[in-house]
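Participant: Quick one: this structure, given as structure tokens, is what I'll be asking you about.
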Amino acid sequence: MKWLGSQIRKELWSPYSAGVLLGITGILVVFTGQKLGASGAFENVVGLLGKLAAPAAFNTMYFNYVMPAGISWGVILMVGAFFGGLIGAATSRSLWWGKKGAANSDAQWKAIFGPQVWKRWVIGFLGAILLEFAAGIAGGCTSGLAISGGMLLVPGAFLFIAGMFMSGIVTALVIYRSRY
Amino acid sequence: MNYVLALVFGSFFGFALNKAGLTQYHKIVNQFRFTDMAVLKFMMTALVVAMGGLYALRGLGLVTFPAVPPTYIVGNLVGGLLFGVGMALTGY
């Protein structure tokens, strides 16, 4: 029990043990007939908001059938993921909520892009648009396609991982240049 | 009931990501620089555990797999290529 407590309070686990936890979660999710995905949830919510704001523009194939608008199972999953991350950070006392510098806290990010908070917001926002758009094209993100597809041996998942690493390495090369 | 399960599984998911350190920018980008292999270790462990477990359960007839997304080579690959750029920028 004491051992378990000290493990939970640890800030970083070995990626292997965290991976086992995610793997077991993945089994349980498939067992209930669902899918472990992140990016789809945002599309469901956007569809819901879009249908309220501009029903005609959002009355498309995509938001009616491919990614139905509404509070789906995945949206609740993401709410859970938010709290799970919160609990994870709180148990290891690494929760930065409301503290000074919390909006731009990653030392390596600051060294590369600068300490300004607005830069973090702008690059984060633009990068997230790219992520969500790409996930829409591919039919999933790291969790929805690569992990939950990969565990069912879906060929597309491995194509996606290959593509992700190819461009990720190139982008990191461009950003870091001589410091790569 | 289903939504309660979603909350519970979601919190496991978030907890695992947080404890692996993947909620931090430098963990993600250092994977692409190959100075920190946590992302691959985490992803591949999860894949191997889930694959082994799921295929064993299916062999025992305890689980039926959901409809899997069809392979769409151009989409999967182009999506992956764009996704990597965003990932290296934001540390998602």
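By order of appearance in the structure tokens: chains A, B, ..., then residues from 1 within every chain, and ligands from 1 in the order shown.
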How would you write, as a VMD selection string, the set of residues in chain B that DSSP gives as helix (DSSP H, G or I)?

Facilitator: chain B and resid 2 to 20 25 to 32 38 to 59 73 to 90

Participant: Please provide as a PyMOL selection string all residues within 12 Å of Val122 of chain A, with the sequence filter that same-chain residues fewer than 5 positions apart are discarded (counting only C-alpha atoms).

Facilitator: (chain A and resi 104+113+116-117+127-129) or (chain B and resi 89-90)

Participant: Please determine, counting only C-alpha atoms, which residue among A:Ser143, A:Ser167, A:Ser105, A:Ser148 has the shortest atom-to-atom distance to Gln24 of chain B.

Facilitator: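 Answer, going by the shortest atom-to-atom distance: A:Ser105.
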
Participant: What are the residues of chain A lining chain B at 6 Å or less? Count only C-alpha atoms, and put the answer as a PyMOL selection string.

Facilitator: chain A and resi 12-13+15-16+18-20+22-23+27+76-78+80-81+83-85+88+124+127+130-131+134+137-138+151+156+159-160+163-164+167-169+171

Participant: Store the residues picked out above, limited to C-alpha atoms, as an mmCIF file, in the first residue's frame.

Facilitator:
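File written: out-v5.cif
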data_model
loop_
_atom_site.group_PDB
_atom_site.id
_atom_site.type_symbol
_atom_site.label_atom_id
_atom_site.label_comp_id
_atom_site.auth_asym_id
_atom_site.auth_seq_id
_atom_site.Cartn_x
_atom_site.Cartn_y
_atom_site.Cartn_z
ATOM 1 C CA LEU A 12 7.219 10.654 -13.809
ATOM 2 C CA TRP A 13 6.666 6.969 -14.186
ATOM 3 C CA PRO A 15 7.027 5.105 -19.826
ATOM 4 C CA TYR A 16 6.685 1.329 -19.805
ATOM 5 C CA ALA A 18 2.373 4.189 -17.942
ATOM 6 C CA GLY A 19 2.101 2.362 -21.270
ATOM 7 C CA VAL A 20 0.813 -0.759 -19.536
ATOM 8 C CA LEU A 22 -2.924 2.815 -21.185
ATOM 9 C CA GLY A 23 -2.865 -0.630 -22.783
ATOM 10 C CA ILE A 27 -8.583 -3.251 -23.712
ATOM 11 C CA ILE A 76 -17.147 12.535 -22.120
ATOM 12 C CA LEU A 77 -13.931 10.541 -22.475
ATOM 13 C CA MET A 78 -12.033 13.785 -23.039
ATOM 14 C CA GLY A 80 -12.427 12.358 -18.065
ATOM 15 C CA ALA A 81 -8.959 12.734 -19.585
ATOM 16 C CA PHE A 83 -9.597 15.296 -14.845
ATOM 17 C CA GLY A 84 -7.226 12.330 -15.104
ATOM 18 C CA GLY A 85 -4.397 14.635 -16.125
ATOM 19 C CA GLY A 88 -1.960 13.002 -12.155
ATOM 20 C CA GLY A 124 -0.173 26.500 -29.815
ATOM 21 C CA GLY A 127 -0.355 24.091 -34.370
ATOM 22 C CA LEU A 130 -3.023 21.892 -38.094
ATOM 23 C CA LEU A 131 -3.352 18.906 -35.753
ATOM 24 C CA ALA A 134 -4.711 16.529 -40.135
ATOM 25 C CA ILE A 137 -7.993 13.889 -43.019
ATOM 26 C CA ALA A 138 -6.385 10.794 -41.540
ATOM 27 C CA MET A 151 -3.999 -2.355 -31.145
ATOM 28 C CA GLY A 156 -3.866 2.838 -41.589
ATOM 29 C CA LEU A 159 0.870 4.497 -42.132
ATOM 30 C CA PHE A 160 -0.188 7.355 -39.886
ATOM 31 C CA GLY A 163 3.869 9.907 -41.664
ATOM 32 C CA MET A 164 3.799 11.508 -38.241
ATOM 33 C CA SER A 167 7.264 15.182 -40.785
ATOM 34 C CA GLY A 168 7.820 15.474 -37.039
ATOM 35 C CA ILE A 169 11.535 14.822 -37.471
ATOM 36 C CA THR A 171 9.880 19.972 -38.375
#

Participant: Any idea what the distance is between atom CA of Val45 of chain A and atom CA of Ile123 of chain A?

Facilitator: 22.3 Å

Participant: What is the distance between atom CA of Pro68 of chain A and atom CA of Asn44 of chain A, in Å to one decimal?

Facilitator: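 Going from atom CA of Pro68 of chain A over to atom CA of Asn44 of chain A covers 6.0 Å.
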
Participant: Would you mind reading off the distance between atom CA of Lys2 of chain A and atom CA of Ser92 of chain A, one decimal, in Å?

Facilitator: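 Interatomic distance, atom CA of Lys2 of chain A to atom CA of Ser92 of chain A: 15.1 Å.
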
Participant: Could you name the residues that touch Gly37 of chain A at 7 Å or less, counting only C-alpha atoms, but leaving out those on the same chain fewer than 3 positions away, as a PyMOL selection string?

Facilitator: chain A and resi 40+74+143-144

Participant: Taking only C-alpha atoms into account, name the residue in A:Ala57, A:Ala102, A:Leu86, A:Leu49 that is nearest to Ile71 of chain A.

Facilitator: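 Smallest distance to Ile71 of chain A is found for A:Leu49.
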